[in-house]
>>> print(open('query17.txt').read())   # compact mmCIF, C-alpha atoms
# COMPACT_ATOMS: atom_id res chain seq x y z
CA ALA Y 1 -75.40 -38.65 -63.20
CA ILE Y 2 -75.11 -41.20 -60.40
CA THR Y 3 -71.95 -42.62 -61.97
CA SER Y 4 -70.45 -39.15 -62.31
CA SER Y 5 -71.20 -38.45 -58.65
CA LYS Y 6 -69.51 -41.70 -57.57
CA LYS Y 7 -66.41 -40.83 -59.59
CA SER Y 8 -66.33 -37.38 -58.00
CA ASN Y 9 -66.52 -38.93 -54.50
CA LYS Y 10 -63.75 -41.40 -55.26
CA LEU Y 11 -61.53 -38.53 -56.50
CA THR Y 12 -62.25 -36.54 -53.36
CA ASP Y 13 -61.52 -39.54 -51.13
CA LYS Y 14 -58.28 -40.14 -53.01
CA LYS Y 15 -57.15 -36.55 -52.56
CA SER Y 16 -58.15 -36.62 -48.90
CA GLY Y 17 -56.21 -39.85 -48.40
CA GLU Y 18 -53.15 -38.39 -50.07
CA LYS Y 19 -53.46 -35.28 -47.92
CA ASN Y 20 -53.75 -37.36 -44.76
CA LYS Y 21 -50.77 -39.44 -45.85
CA LEU Y 22 -48.76 -36.20 -46.42
CA VAL Y 23 -49.81 -34.83 -43.03
CA GLY Y 24 -48.85 -38.11 -41.43
CA LEU Y 25 -45.49 -38.02 -43.16
CA LEU Y 26 -44.85 -34.47 -41.96
CA ILE Y 27 -45.82 -35.42 -38.42
CA SER Y 28 -43.52 -38.43 -38.61
CA LYS Y 29 -40.65 -36.23 -39.80
CA LYS Y 30 -41.29 -33.76 -36.98
CA ILE Y 31 -41.32 -36.56 -34.47
CA ILE Y 32 -38.09 -37.93 -35.92
CA TRP Y 33 -36.46 -34.48 -35.84
CA GLY Y 34 -37.74 -33.97 -32.32
CA LEU Y 35 -36.22 -37.25 -31.27
CA VAL Y 36 -32.96 -36.31 -33.00
CA ILE Y 37 -32.90 -32.97 -31.17
CA VAL Y 38 -33.67 -34.64 -27.86
CA PHE Y 39 -30.91 -37.15 -28.51
CA VAL Y 40 -28.41 -34.44 -29.42
CA LEU Y 41 -29.39 -32.37 -26.38
CA SER Y 42 -29.05 -35.46 -24.24
CA LEU Y 43 -25.54 -35.99 -25.57
CA ILE Y 44 -24.68 -32.35 -24.93
CA TYR Y 45 -26.13 -32.52 -21.42
CA LEU Y 46 -24.35 -35.77 -20.75
CA GLY Y 47 -21.09 -34.25 -21.95
CA PHE Y 48 -21.69 -31.15 -19.82
CA TYR Y 49 -22.61 -33.30 -16.82
CA ARG Y 50 -19.43 -35.32 -17.24
CA GLN Y 51 -17.42 -32.13 -17.59
CA VAL Y 52 -18.99 -30.61 -14.45
CA ARG Y 53 -18.52 -33.84 -12.55
CA SER Y 54 -14.92 -34.03 -13.71
CA GLN Y 55 -14.38 -30.37 -12.71
CA ASN Y 56 -15.92 -30.99 -9.30
CA ILE Y 57 -13.65 -33.98 -8.73
CA TYR Y 58 -10.65 -31.90 -9.91
CA ASN Y 59 -11.49 -28.97 -7.61
CA GLN Y 60 -12.04 -31.29 -4.66
CA GLU Y 61 -8.68 -32.96 -5.29
CA ILE Y 62 -7.03 -29.52 -5.28
CA LEU Y 63 -8.66 -28.64 -1.97
CA THR Y 64 -7.51 -31.96 -0.53
CA GLN Y 65 -3.92 -31.31 -1.66
CA VAL Y 66 -4.03 -27.77 -0.26
CA SER Y 67 -5.37 -29.07 3.05
CA GLU Y 68 -2.57 -31.65 3.22
CA LYS Y 69 0.12 -29.01 2.52
CA LYS Y 70 -1.43 -26.72 5.14
CA ALA Y 71 -1.32 -29.56 7.71
CA GLN Y 72 2.31 -30.30 6.79
CA ALA Y 73 3.16 -26.59 7.21
CA GLU Y 74 1.55 -26.52 10.64
CA GLU Y 75 3.55 -29.60 11.58
CA ALA Y 76 6.76 -27.91 10.37
CA LEU Y 77 5.99 -24.93 12.60
CA ILE Y 78 5.87 -27.22 15.63
CA TYR Y 79 9.57 -27.85 14.95
CA ARG Y 80 10.15 -24.12 14.22
CA ASP Y 81 10.99 -24.83 10.59
CA GLU Y 82 9.51 -21.60 9.22
CA GLU Y 83 11.35 -21.90 5.92
CA LYS Y 84 9.75 -25.27 5.16
CA ALA Y 85 6.33 -24.02 6.33
CA ASN Y 86 6.56 -20.99 4.04
CA LEU Y 87 7.54 -23.18 1.10
CA LEU Y 88 4.63 -25.58 1.69
CA LEU Y 89 2.12 -22.74 2.03
CA GLN Y 90 3.35 -21.04 -1.13
CA GLU Y 91 2.95 -24.37 -2.93
CA ALA Y 92 -0.58 -24.58 -1.51
CA LEU Y 93 -1.41 -21.12 -2.87
CA ASN Y 94 0.01 -22.02 -6.28
CA GLU Y 95 -2.06 -25.20 -6.32
CA LEU Y 96 -5.15 -23.26 -5.31
CA GLN Y 97 -4.81 -20.99 -8.35
CA LYS Y 98 -5.72 -23.96 -10.58
CA MET Y 99 -9.27 -24.00 -9.21
CA ASN Y 100 -12.26 -22.56 -11.06
CA LYS Y 101 -12.51 -19.38 -8.99
CA LYS Y 102 -15.49 -17.96 -10.89
CA SER Y 103 -17.78 -20.93 -10.21
CA LYS Y 104 -20.72 -20.20 -7.91
CA ARG Y 105 -20.06 -23.46 -6.12
CA TRP Y 106 -16.26 -23.35 -5.91
CA GLY Y 107 -15.60 -19.60 -5.84
CA PRO Y 108 -16.53 -19.18 -2.13
CA LYS Y 109 -14.57 -22.32 -1.18
CA TYR Y 110 -11.54 -21.01 -3.07
CA GLU Y 111 -11.68 -17.64 -1.31
CA GLU Y 112 -12.21 -19.21 2.12
CA THR Y 113 -9.25 -21.57 1.66
CA ARG Y 114 -7.05 -18.82 0.21
CA GLN Y 115 -7.77 -16.63 3.26
CA GLU Y 116 -6.87 -19.48 5.64
CA VAL Y 117 -3.54 -20.07 3.90
CA ALA Y 118 -2.80 -16.33 3.64
CA VAL Y 119 -3.47 -15.79 7.36
CA LEU Y 120 -1.06 -18.58 8.25
CA ILE Y 121 1.62 -17.17 5.91
CA ASN Y 122 1.13 -13.73 7.44
CA GLU Y 123 1.45 -15.06 10.99
CA ILE Y 124 4.69 -16.87 10.14
CA ASN Y 125 6.15 -13.74 8.53
CA ASP Y 126 4.91 -11.18 11.08
CA ILE Y 127 2.28 -9.68 8.80
CA PHE Y 128 -0.75 -8.46 10.72
CA GLU Y 129 -4.10 -6.80 10.06
CA VAL Y 130 -4.30 -3.89 12.52
CA GLU Y 131 -6.88 -1.41 13.76
CA MET Y 132 -6.53 2.29 13.05
CA ASN Y 133 -7.96 4.70 15.65
CA LYS Y 134 -8.63 8.42 15.30
CA ILE Y 135 -6.83 10.44 18.00
CA GLY Y 136 -7.30 14.03 16.85
CA SER Y 137 -8.60 16.40 14.22
CA LEU Y 138 -8.23 19.93 12.93
CA SER Y 139 -11.07 22.42 12.99
CA MET Y 140 -13.42 21.97 10.05
CA ASP Y 141 -12.85 25.66 9.28
CA GLU Y 142 -9.19 24.97 8.48
CA THR Y 143 -8.87 24.57 4.70
CA ALA Y 144 -5.09 24.76 4.15
CA ASP Y 145 -3.11 21.69 3.04
CA SER Y 146 -0.47 20.07 5.25
CA LYS Y 147 3.19 20.67 4.44
CA GLN Y 148 4.96 18.83 7.26
CA PHE Y 149 4.18 16.27 9.94
CA LEU Y 150 6.77 16.42 12.75
CA ILE Y 151 7.36 14.82 16.12
CA LYS Y 152 9.32 16.38 18.98
CA ASN Y 153 9.64 15.07 22.54
CA GLY Y 154 6.68 12.77 22.00
CA GLU Y 155 4.45 15.56 20.69
CA LEU Y 156 2.99 15.76 17.21
CA PHE Y 157 3.03 18.91 15.06
CA VAL Y 158 1.20 19.62 11.80
CA ILE Y 159 2.52 22.47 9.64
CA LEU Y 160 0.05 23.88 7.13
CA SER Y 161 0.58 25.77 3.90
CA ASN Y 162 -0.97 28.93 5.39
CA GLY Y 163 1.82 29.22 7.99
CA LYS Y 164 -0.13 27.79 10.91
CA VAL Y 165 1.41 25.12 13.13
CA TYR Y 166 -0.81 22.85 15.24
CA ARG Y 167 0.18 20.61 18.15
CA LEU Y 168 -1.85 17.54 19.08
CA ASN Y 169 -3.32 17.60 22.56
CA MET Y 170 -3.53 13.92 23.48
CA ASN Y 171 -6.05 14.58 26.26
CA SER Y 172 -8.62 16.59 24.30
CA GLN Y 173 -7.74 14.89 21.00
CA ASN Y 174 -7.68 18.28 19.33
CA LEU Y 175 -4.98 19.89 17.24
CA GLU Y 176 -4.37 23.22 18.97
CA LYS Y 177 -2.62 26.19 17.42
CA TYR Y 178 1.04 26.27 18.47
CA TYR Y 179 2.58 28.89 16.18
CA GLU Y 180 1.56 31.09 13.27
CA ASN Y 181 3.66 32.91 10.71
CA ALA Y 182 2.22 33.92 7.34
CA ASN Y 183 5.71 33.72 5.81
CA LEU Y 184 6.44 30.22 7.14
CA GLN Y 185 7.57 27.71 4.54
CA LEU Y 186 9.22 24.90 6.55
CA MET Y 187 10.19 24.17 10.14
CA ALA Y 188 12.78 21.89 11.76
CA PHE Y 189 13.40 21.27 15.47
CA PHE Y 190 16.87 20.89 16.92
CA GLU Y 191 17.57 17.42 18.30
CA GLU Y 192 18.64 18.43 21.82
CA SER Y 193 16.34 21.38 22.53
CA LEU Y 194 13.03 23.01 21.64
CA ASP Y 195 14.87 25.53 19.49
CA LYS Y 196 13.73 25.41 15.88
CA ILE Y 197 14.80 26.63 12.47
CA VAL Y 198 12.08 28.34 10.46
CA LEU Y 199 12.40 28.90 6.73
CA GLU Y 200 10.41 31.92 5.59
CA ASN Y 201 9.55 33.34 2.18
CA GLY Y 202 12.61 34.57 0.29
CA ASN Y 203 14.73 31.66 1.64
CA ASN Y 204 15.35 33.44 4.93
CA PHE Y 205 16.35 31.17 7.83
CA TYR Y 206 15.38 32.17 11.38
CA TRP Y 207 16.58 30.61 14.60
CA HIS Y 208 13.66 30.57 17.08
CA LYS Y 209 14.90 29.94 20.62
CA GLU Y 210 13.15 28.37 23.61
CA ASP Y 211 13.08 31.73 25.40
CA GLY Y 212 10.87 33.18 22.64
CA SER Y 213 13.55 35.27 20.91
CA SER Y 214 14.49 34.80 17.27
CA GLU Y 215 17.47 35.60 15.08
CA LEU Y 216 17.89 35.88 11.32
CA LEU Y 217 20.74 33.58 10.32
CA ASN Y 218 23.49 34.74 7.97
CA ILE Y 219 22.59 32.36 5.15
CA THR Y 220 22.29 33.48 1.55
CA LEU Y 221 20.96 31.16 -1.13
CA ALA Y 222 20.52 31.55 -4.89
CA SER Y 223 17.25 33.22 -5.84
CA ASP Y 224 16.12 30.15 -7.82
CA SER Y 225 16.57 27.77 -4.89
CA GLU Y 226 13.38 25.80 -4.17
CA ILE Y 227 13.63 24.13 -0.77
CA ILE Y 228 10.99 21.44 -0.26
CA ASP Y 229 12.26 19.77 2.94
CA MET Y 230 14.86 20.21 5.67
CA GLN Y 231 16.05 18.53 8.86
CA THR Y 232 18.63 19.30 11.53
CA TYR Y 233 21.38 16.88 12.54
CA GLY Y 234 23.55 18.11 15.41
CA ASN Y 235 24.36 21.76 14.68
CA ARG Y 236 23.89 21.23 10.96
CA LEU Y 237 20.92 21.63 8.70
CA TYR Y 238 20.35 19.50 5.62
CA TYR Y 239 17.88 20.68 3.03
CA LEU Y 240 16.50 19.35 -0.22
CA ASP Y 241 16.57 21.83 -3.10
CA LYS Y 242 14.34 20.50 -5.83
CA ASN Y 243 16.42 22.12 -8.59
CA LYS Y 244 19.96 21.84 -7.23
CA GLY Y 245 20.42 18.85 -4.90
CA ILE Y 246 20.88 18.06 -1.22
CA TYR Y 247 22.79 20.74 0.72
CA ARG Y 248 24.37 20.95 4.17
CA ILE Y 249 24.67 24.07 6.31
CA SER Y 250 27.42 23.67 8.93
CA SER Y 251 27.95 25.88 11.99
CA LEU Y 252 24.30 26.69 11.57
CA THR Y 253 23.82 29.20 14.39
CA SER Y 254 27.26 30.82 14.15
CA ALA Y 255 28.04 34.20 12.64
CA ASN Y 256 29.20 32.55 9.40
CA PRO Y 257 27.32 29.36 8.51
CA GLN Y 258 28.85 27.32 5.69
CA VAL Y 259 26.58 26.13 2.84
CA THR Y 260 27.99 23.21 0.83
CA VAL Y 261 26.66 20.79 -1.75
CA TRP Y 262 26.16 17.37 -0.17
CA TYR Y 263 24.79 15.52 -3.21
CA ASN Y 264 23.91 16.70 -6.74
CA ASP Y 265 25.13 13.88 -9.01
CA ASP Y 266 21.68 13.07 -10.41
CA LEU Y 267 19.46 16.16 -10.58
CA GLU Y 268 16.72 14.38 -12.51
CA LEU Y 269 16.45 11.90 -9.66
CA ILE Y 270 16.49 14.66 -7.04
CA LYS Y 271 13.60 16.48 -8.72
CA GLN Y 272 11.38 13.54 -7.82
CA PHE Y 273 12.26 13.53 -4.08
CA ARG Y 274 10.08 15.42 -1.62
CA LYS Y 275 11.50 14.51 1.79
CA VAL Y 276 14.82 13.74 3.52
CA ILE Y 277 15.27 11.66 6.69
CA ILE Y 278 18.66 11.81 8.45
CA ASP Y 279 20.15 9.32 10.92
CA GLY Y 280 23.82 9.56 9.91
CA ASN Y 281 22.75 8.40 6.47
CA ILE Y 282 20.26 10.36 4.40
CA TRP Y 283 17.17 8.44 3.32
CA THR Y 284 14.64 9.48 0.73
CA VAL Y 285 12.14 7.87 -1.63
CA ASN Y 286 11.06 8.01 -5.24
CA GLY Y 287 8.97 4.90 -5.86
CA ARG Y 288 11.75 3.03 -4.04
CA VAL Y 289 14.02 3.67 -1.04
CA PHE Y 290 17.30 5.52 -1.58
CA LYS Y 291 20.19 5.61 0.87
CA PHE Y 292 23.05 8.12 0.81
CA PHE Y 293 26.19 8.21 2.97
CA ARG Y 294 28.88 10.90 2.94
CA GLY Y 295 27.48 12.38 -0.23
CA GLU Y 296 27.44 9.09 -2.12
CA ARG Y 297 24.51 6.92 -3.07
CA GLU Y 298 24.66 3.41 -1.56
CA SER Y 299 22.85 0.26 -2.59
CA PHE Y 300 19.71 -0.55 -0.63
CA GLU Y 301 17.28 -3.36 -1.41
CA LEU Y 302 14.55 -4.95 0.69
CA SER Y 303 14.74 -8.70 1.25
CA ASN Y 304 12.17 -11.13 2.64
CA LEU Y 305 9.33 -8.83 1.50
CA LEU Y 306 6.14 -10.82 1.03
CA ASN Y 307 2.82 -9.66 -0.49
CA GLY Y 308 4.53 -8.16 -3.52
CA GLU Y 309 7.11 -5.45 -4.18
CA LEU Y 310 6.67 -1.93 -2.83
CA GLY Y 311 4.20 0.28 -4.65
CA LYS Y 312 5.24 3.57 -6.22
CA ASN Y 313 3.56 5.76 -3.60
CA ILE Y 314 5.73 5.35 -0.49
CA GLU Y 315 7.02 7.42 2.46
CA ILE Y 316 9.68 6.62 5.07
CA ASP Y 317 10.60 7.48 8.64
CA THR Y 318 13.47 6.68 11.01
CA GLN Y 319 15.66 8.35 13.64
CA ARG Y 320 19.34 8.45 14.55
CA ASP Y 321 19.38 5.70 17.20
CA TRP Y 322 16.76 3.40 15.69
CA ASN Y 323 17.60 0.01 14.22
CA ASN Y 324 14.54 0.03 11.98
CA LEU Y 325 13.30 1.85 8.91
CA TYR Y 326 9.54 2.39 8.49
CA ILE Y 327 8.13 2.41 4.97
CA LEU Y 328 4.53 3.44 4.37
CA ASP Y 329 3.33 1.73 1.20
CA LYS Y 330 0.06 3.45 0.29
CA ASP Y 331 -0.53 1.43 -2.88
CA LYS Y 332 -0.47 -1.83 -0.92
CA SER Y 333 -2.18 -0.42 2.23
CA ARG Y 334 0.66 -1.48 4.51
CA LEU Y 335 3.44 -0.26 6.78
CA VAL Y 336 6.66 -2.22 6.21
CA VAL Y 337 9.24 -2.41 8.98
CA SER Y 338 12.79 -3.37 7.98
CA ASP Y 339 16.18 -3.10 9.56
CA LYS Y 340 18.63 -0.69 7.96
CA ASN Y 341 20.23 -3.48 5.97
CA GLY Y 342 16.93 -4.04 4.19
CA ILE Y 343 15.75 -7.20 5.99
CA VAL Y 344 11.99 -6.97 6.45
CA VAL Y 345 10.96 -7.86 10.00
CA LYS Y 346 7.28 -6.96 10.05
CA GLN Y 347 4.31 -5.68 8.04
CA VAL Y 348 1.05 -4.20 9.30
CA LEU Y 349 -1.98 -3.89 7.04
CA ASN Y 350 -4.98 -1.56 7.03
CA GLU Y 351 -7.05 -0.37 4.05
CA LYS Y 352 -7.12 3.23 5.35
CA ILE Y 353 -3.38 3.52 4.68
CA LYS Y 354 -4.31 4.22 1.04
CA GLN Y 355 -5.71 7.59 2.18
CA VAL Y 356 -2.72 8.72 4.27
CA SER Y 357 -0.98 11.94 3.21
CA ARG Y 358 1.79 11.98 5.87
CA PHE Y 359 3.01 9.82 8.73
CA VAL Y 360 5.56 9.64 11.56
CA ILE Y 361 6.59 7.00 14.10
CA ASN Y 362 6.56 8.00 17.78
CA ASP Y 363 9.83 8.17 19.69
CA ASP Y 364 9.63 4.72 21.33
CA GLN Y 365 8.51 3.08 18.05
CA THR Y 366 5.29 1.72 19.52
CA LYS Y 367 2.87 3.75 17.39
CA ALA Y 368 2.51 5.16 13.92
CA TRP Y 369 0.69 8.50 13.60
CA LEU Y 370 -0.95 9.12 10.26
CA LEU Y 371 -2.62 12.15 8.72
CA ILE Y 372 -5.77 11.59 6.64
CA ASP Y 373 -7.29 14.84 5.43
CA LYS Y 374 -7.84 16.82 8.67
CA GLU Y 375 -7.67 13.86 11.02
CA VAL Y 376 -4.80 12.18 12.89
CA TRP Y 377 -5.02 8.39 13.20
CA GLU Y 378 -2.95 5.92 15.20
CA ILE Y 379 -1.72 2.38 14.64
CA GLU Y 380 -0.28 0.31 17.48
CA LEU Y 381 3.00 -1.32 16.45
>>> encode(input="query17.txt", output="structure tokens")
Amino acid sequence: AITSSKKSNKLTDKKSGEKNKLVGLLISKKIIWGLVIVFVLSLIYLGFYRQVRSQNIYNQEILTQVSEKKAQAEEALIYRDEEKANLLLQEALNELQKMNKKSKRWGPKYEETRQEVAVLINEINDIFEVEMNKIGSLSMDETADSKQFLIKNGELFVILSNGKVYRLNMNSQNLEKYYENANLQLMAFFEESLDKIVLENGNNFYWHKEDGSSELLNITLASDSEIIDMQTYGNRLYYLDKNKGIYRISSLTSANPQVTVWYNDDLELIKQFRKVIIDGNIWTVNGRVFKFFRGERESFELSNLLNGELGKNIEIDTQRDWNNLYILDKDKSRLVVSDKNGIVVKQVLNEKIKQVSRFVINDDQTKAWLLIDKEVWEIEL
């Protein structure tokens, strides 16, 4: 019995020893695997650290190069070499694009440096951020949409779709009712007087004189004519018929006015116009600026335009004796000033320009007046 008990104990000890050996082996394997994992993670971290360090060195080198080009550009400006300065700054911007802009560390530095370079480019090329100030508003009870935004003798007029015409009182900063005609469609002032031509429903043209009298003009148009804009030039009236083309009415206030086609070569193009501006040429827009002279379309392209091409949503303004053309680019929130050969001379920027529905330039070209909803805003030029 004692012998049997000893054998049983030896067997138990043997099994326990084997179990302990197995447990020890498993622990050893876990330790080995743990060390392997730590080693692998260390390699990954080391690789990541090297990559980050390399990226940091790379980004810093870019900033150094950009800073050097910026300094060279500023030096070029001392000698009035704007062409060289522009080239250097554009190179700086191109170099800056290679940075990791999404990095928490480098993203802010990228944006700060980009802004510094952009401001310098803008200053060289007469591109300015400007303030926009509210100078007047319609009554909140007025719900009609605007149809025209006109200037005459330094005064601003807003024509609404309900036939009401408001004039801006600069002192009270209110738009006060100037004229009302339920049949009013469009209005155009004469250049040399306060006389105006009023287009009423049924394509009837009335001559409203300064003395308060009015006269129905002897003008007959086709029943399907759809006039969407008009402007006087001397004793002539030019109007844009959406379906037929641009027309001219000569001897406007005589007993027998003469209506002639001025341009109708491309009716599909004309259908997309909504305004005509006349200074001897006729200007209009359709995602780009179009120039017409003596009934023929002429080439017109902008040159020296920075900050990208014009957007699709643009308006224009100019007058007979002005050297400049004013292009409101709503998509890019800017007002572009060019001469009439297309050379851009200035740009002014303001985010509110995106909201503008209509605009005009005042007579001495020192201010832009802009309509946003029921409010008139002003930009100093």
>>> closest_residue(input="query17.txt", among="Y:Lys330, Y:Glu210, Y:Ile57, Y:Asp321", to="Asn350 in chain Y", atoms="only C-alpha atoms")
Y:Lys330
>>> atom_distance(input="query17.txt", atom1="CA of Trp322 in chain Y", atom2="CA of Ile127 in chain Y")
20.7 Å
>>> residues_near_point(input="query17.txt", point="(3.9, 18.0, 15.7)", cutoff="10 Å", atoms="only C-alpha atoms", output="count of residues only")
20
>>> atom_distance(input="query17.txt", atom1="CA of Asn203 in chain Y", atom2="CA of Lys275 in chain Y")
17.5 Å
>>> atom_distance(input="query17.txt", atom1="CA of Lys84 in chain Y", atom2="CA of Lys69 in chain Y")
10.7 Å
>>> closest_residue(input="query17.txt", among="Y:Asn174, Y:Gly202, Y:Met187, Y:Arg294", to="Met140 in chain Y", atoms="only C-alpha atoms")
Y:Asn174
>>> residues_around(input="query17.txt", residues="Lys101 in chain Y", least_positions_apart="4", cutoff="7 Å", atoms="all atoms listed in the file", output="list in words")
Trp106, Gly107 and Tyr110 of chain Y
>>> write_last_selection(input="query17.txt", atoms="C-alpha atoms", output="PDB file, keeping the file's coordinate frame")
ATOM      1  CA  TRP Y 106     -16.260 -23.350  -5.910  1.00  0.00           C
ATOM      2  CA  GLY Y 107     -15.600 -19.600  -5.840  1.00  0.00           C
ATOM      3  CA  TYR Y 110     -11.540 -21.010  -3.070  1.00  0.00           C
TER       4      TYR Y 110
END
>>> residues_around(input="query17.txt", residues="Val376 in chain Y", least_positions_apart="6", cutoff="6 Å", atoms="only C-alpha atoms", output="PyMOL selection string")
chain Y and resi 134-137+370
>>> residues_near_point(input="query17.txt", point="(22.3, 23.1, -7.7)", cutoff="10 Å", atoms="all atoms listed in the file", output="list in words")
Ala222, Asp224, Ser225, Glu226, Asp241, Lys242, Asn243, Lys244, Gly245, Ile246, Tyr247, Val261, Tyr263, Asn264, Asp265 and Leu267 of chain Y
>>> residues_around(input="query17.txt", residues="range 234-237 of chain Y", least_positions_apart="4", cutoff="9 Å", atoms="only C-alpha atoms", output="JSON, numbers by chain")
{"Y": [188, 190, 191, 192, 197, 230, 247, 248, 249, 250, 251, 252, 253]}
>>> residues_around(input="query17.txt", residues="Val289 in chain Y", least_positions_apart="6", cutoff="9 Å", atoms="all atoms listed in the file", output="count of residues only")
8
>>> closest_residue(input="query17.txt", among="Y:Asn86, Y:Asn204, Y:Asn171, Y:Gln272", to="Ile124 in chain Y", atoms="all atoms listed in the file")
Y:Asn86
>>> residues_around(input="query17.txt", residues="Asn133 in chain Y", least_positions_apart="2", cutoff="8 Å", atoms="all atoms listed in the file", output="list of chain:residue names")
Y:Glu131, Y:Ile135, Y:Trp377, Y:Glu378, Y:Ile379
>>> closest_residue(input="query17.txt", among="Y:Arg274, Y:Ser161, Y:Lys98, Y:Met132", to="Lys367 in chain Y", atoms="only C-alpha atoms")
Y:Met132
>>> closest_residue(input="query17.txt", among="Y:Asn286, Y:Gln72, Y:Asn341, Y:Phe128", to="Ser299 in chain Y", atoms="all atoms listed in the file")
Y:Asn341
>>> build_atoms(input="query17.txt", residues="range 95-101 of chain Y", atoms="all heavy atoms", output="short mmCIF file (atom, residue, chain, number, x, y, z; two decimals), in the coordinates of the input")
data_model
loop_
_atom_site.label_atom_id
_atom_site.label_comp_id
_atom_site.auth_asym_id
_atom_site.auth_seq_id
_atom_site.Cartn_x
_atom_site.Cartn_y
_atom_site.Cartn_z
N GLU Y 95 -1.14 -24.12 -5.96
CA GLU Y 95 -2.06 -25.20 -6.32
C GLU Y 95 -3.50 -24.68 -6.36
O GLU Y 95 -4.29 -25.02 -7.24
CB GLU Y 95 -1.94 -26.34 -5.30
CG GLU Y 95 -2.55 -27.65 -5.74
CD GLU Y 95 -1.82 -28.30 -6.90
OE1 GLU Y 95 -0.61 -28.06 -7.06
OE2 GLU Y 95 -2.50 -29.04 -7.65
N LEU Y 96 -3.80 -23.80 -5.42
CA LEU Y 96 -5.15 -23.26 -5.31
C LEU Y 96 -5.53 -22.43 -6.53
O LEU Y 96 -6.71 -22.35 -6.90
CB LEU Y 96 -5.23 -22.41 -4.04
CG LEU Y 96 -6.61 -22.18 -3.41
CD1 LEU Y 96 -7.29 -23.49 -3.09
CD2 LEU Y 96 -6.45 -21.32 -2.16
N GLN Y 97 -4.53 -21.81 -7.17
CA GLN Y 97 -4.81 -20.99 -8.35
C GLN Y 97 -5.37 -21.79 -9.52
O GLN Y 97 -5.94 -21.22 -10.45
CB GLN Y 97 -3.53 -20.26 -8.79
CG GLN Y 97 -3.01 -19.24 -7.80
CD GLN Y 97 -4.04 -18.16 -7.48
OE1 GLN Y 97 -4.70 -17.64 -8.38
NE2 GLN Y 97 -4.20 -17.86 -6.21
N LYS Y 98 -5.23 -23.11 -9.48
CA LYS Y 98 -5.72 -23.96 -10.58
C LYS Y 98 -7.23 -24.18 -10.50
O LYS Y 98 -7.83 -24.69 -11.44
CB LYS Y 98 -5.00 -25.31 -10.55
CG LYS Y 98 -3.50 -25.22 -10.72
CD LYS Y 98 -2.85 -26.58 -10.55
CE LYS Y 98 -1.33 -26.51 -10.62
NZ LYS Y 98 -0.71 -27.84 -10.39
N MET Y 99 -7.84 -23.80 -9.37
CA MET Y 99 -9.27 -24.00 -9.21
C MET Y 99 -10.08 -23.05 -10.10
O MET Y 99 -9.58 -22.01 -10.53
CB MET Y 99 -9.68 -23.76 -7.75
CG MET Y 99 -9.40 -24.91 -6.82
SD MET Y 99 -10.05 -24.59 -5.15
CE MET Y 99 -11.81 -24.59 -5.48
N ASN Y 100 -11.34 -23.43 -10.34
CA ASN Y 100 -12.26 -22.56 -11.06
C ASN Y 100 -12.83 -21.54 -10.08
O ASN Y 100 -13.83 -21.77 -9.41
CB ASN Y 100 -13.39 -23.39 -11.69
CG ASN Y 100 -14.35 -22.53 -12.49
OD1 ASN Y 100 -14.15 -21.33 -12.64
ND2 ASN Y 100 -15.41 -23.14 -13.00
N LYS Y 101 -12.18 -20.38 -10.00
CA LYS Y 101 -12.51 -19.38 -8.99
C LYS Y 101 -13.83 -18.67 -9.27
O LYS Y 101 -14.42 -18.06 -8.38
CB LYS Y 101 -11.37 -18.36 -8.89
CG LYS Y 101 -10.04 -18.97 -8.53
CD LYS Y 101 -8.95 -17.95 -8.42
CE LYS Y 101 -8.46 -17.50 -9.77
NZ LYS Y 101 -7.73 -18.57 -10.48
#
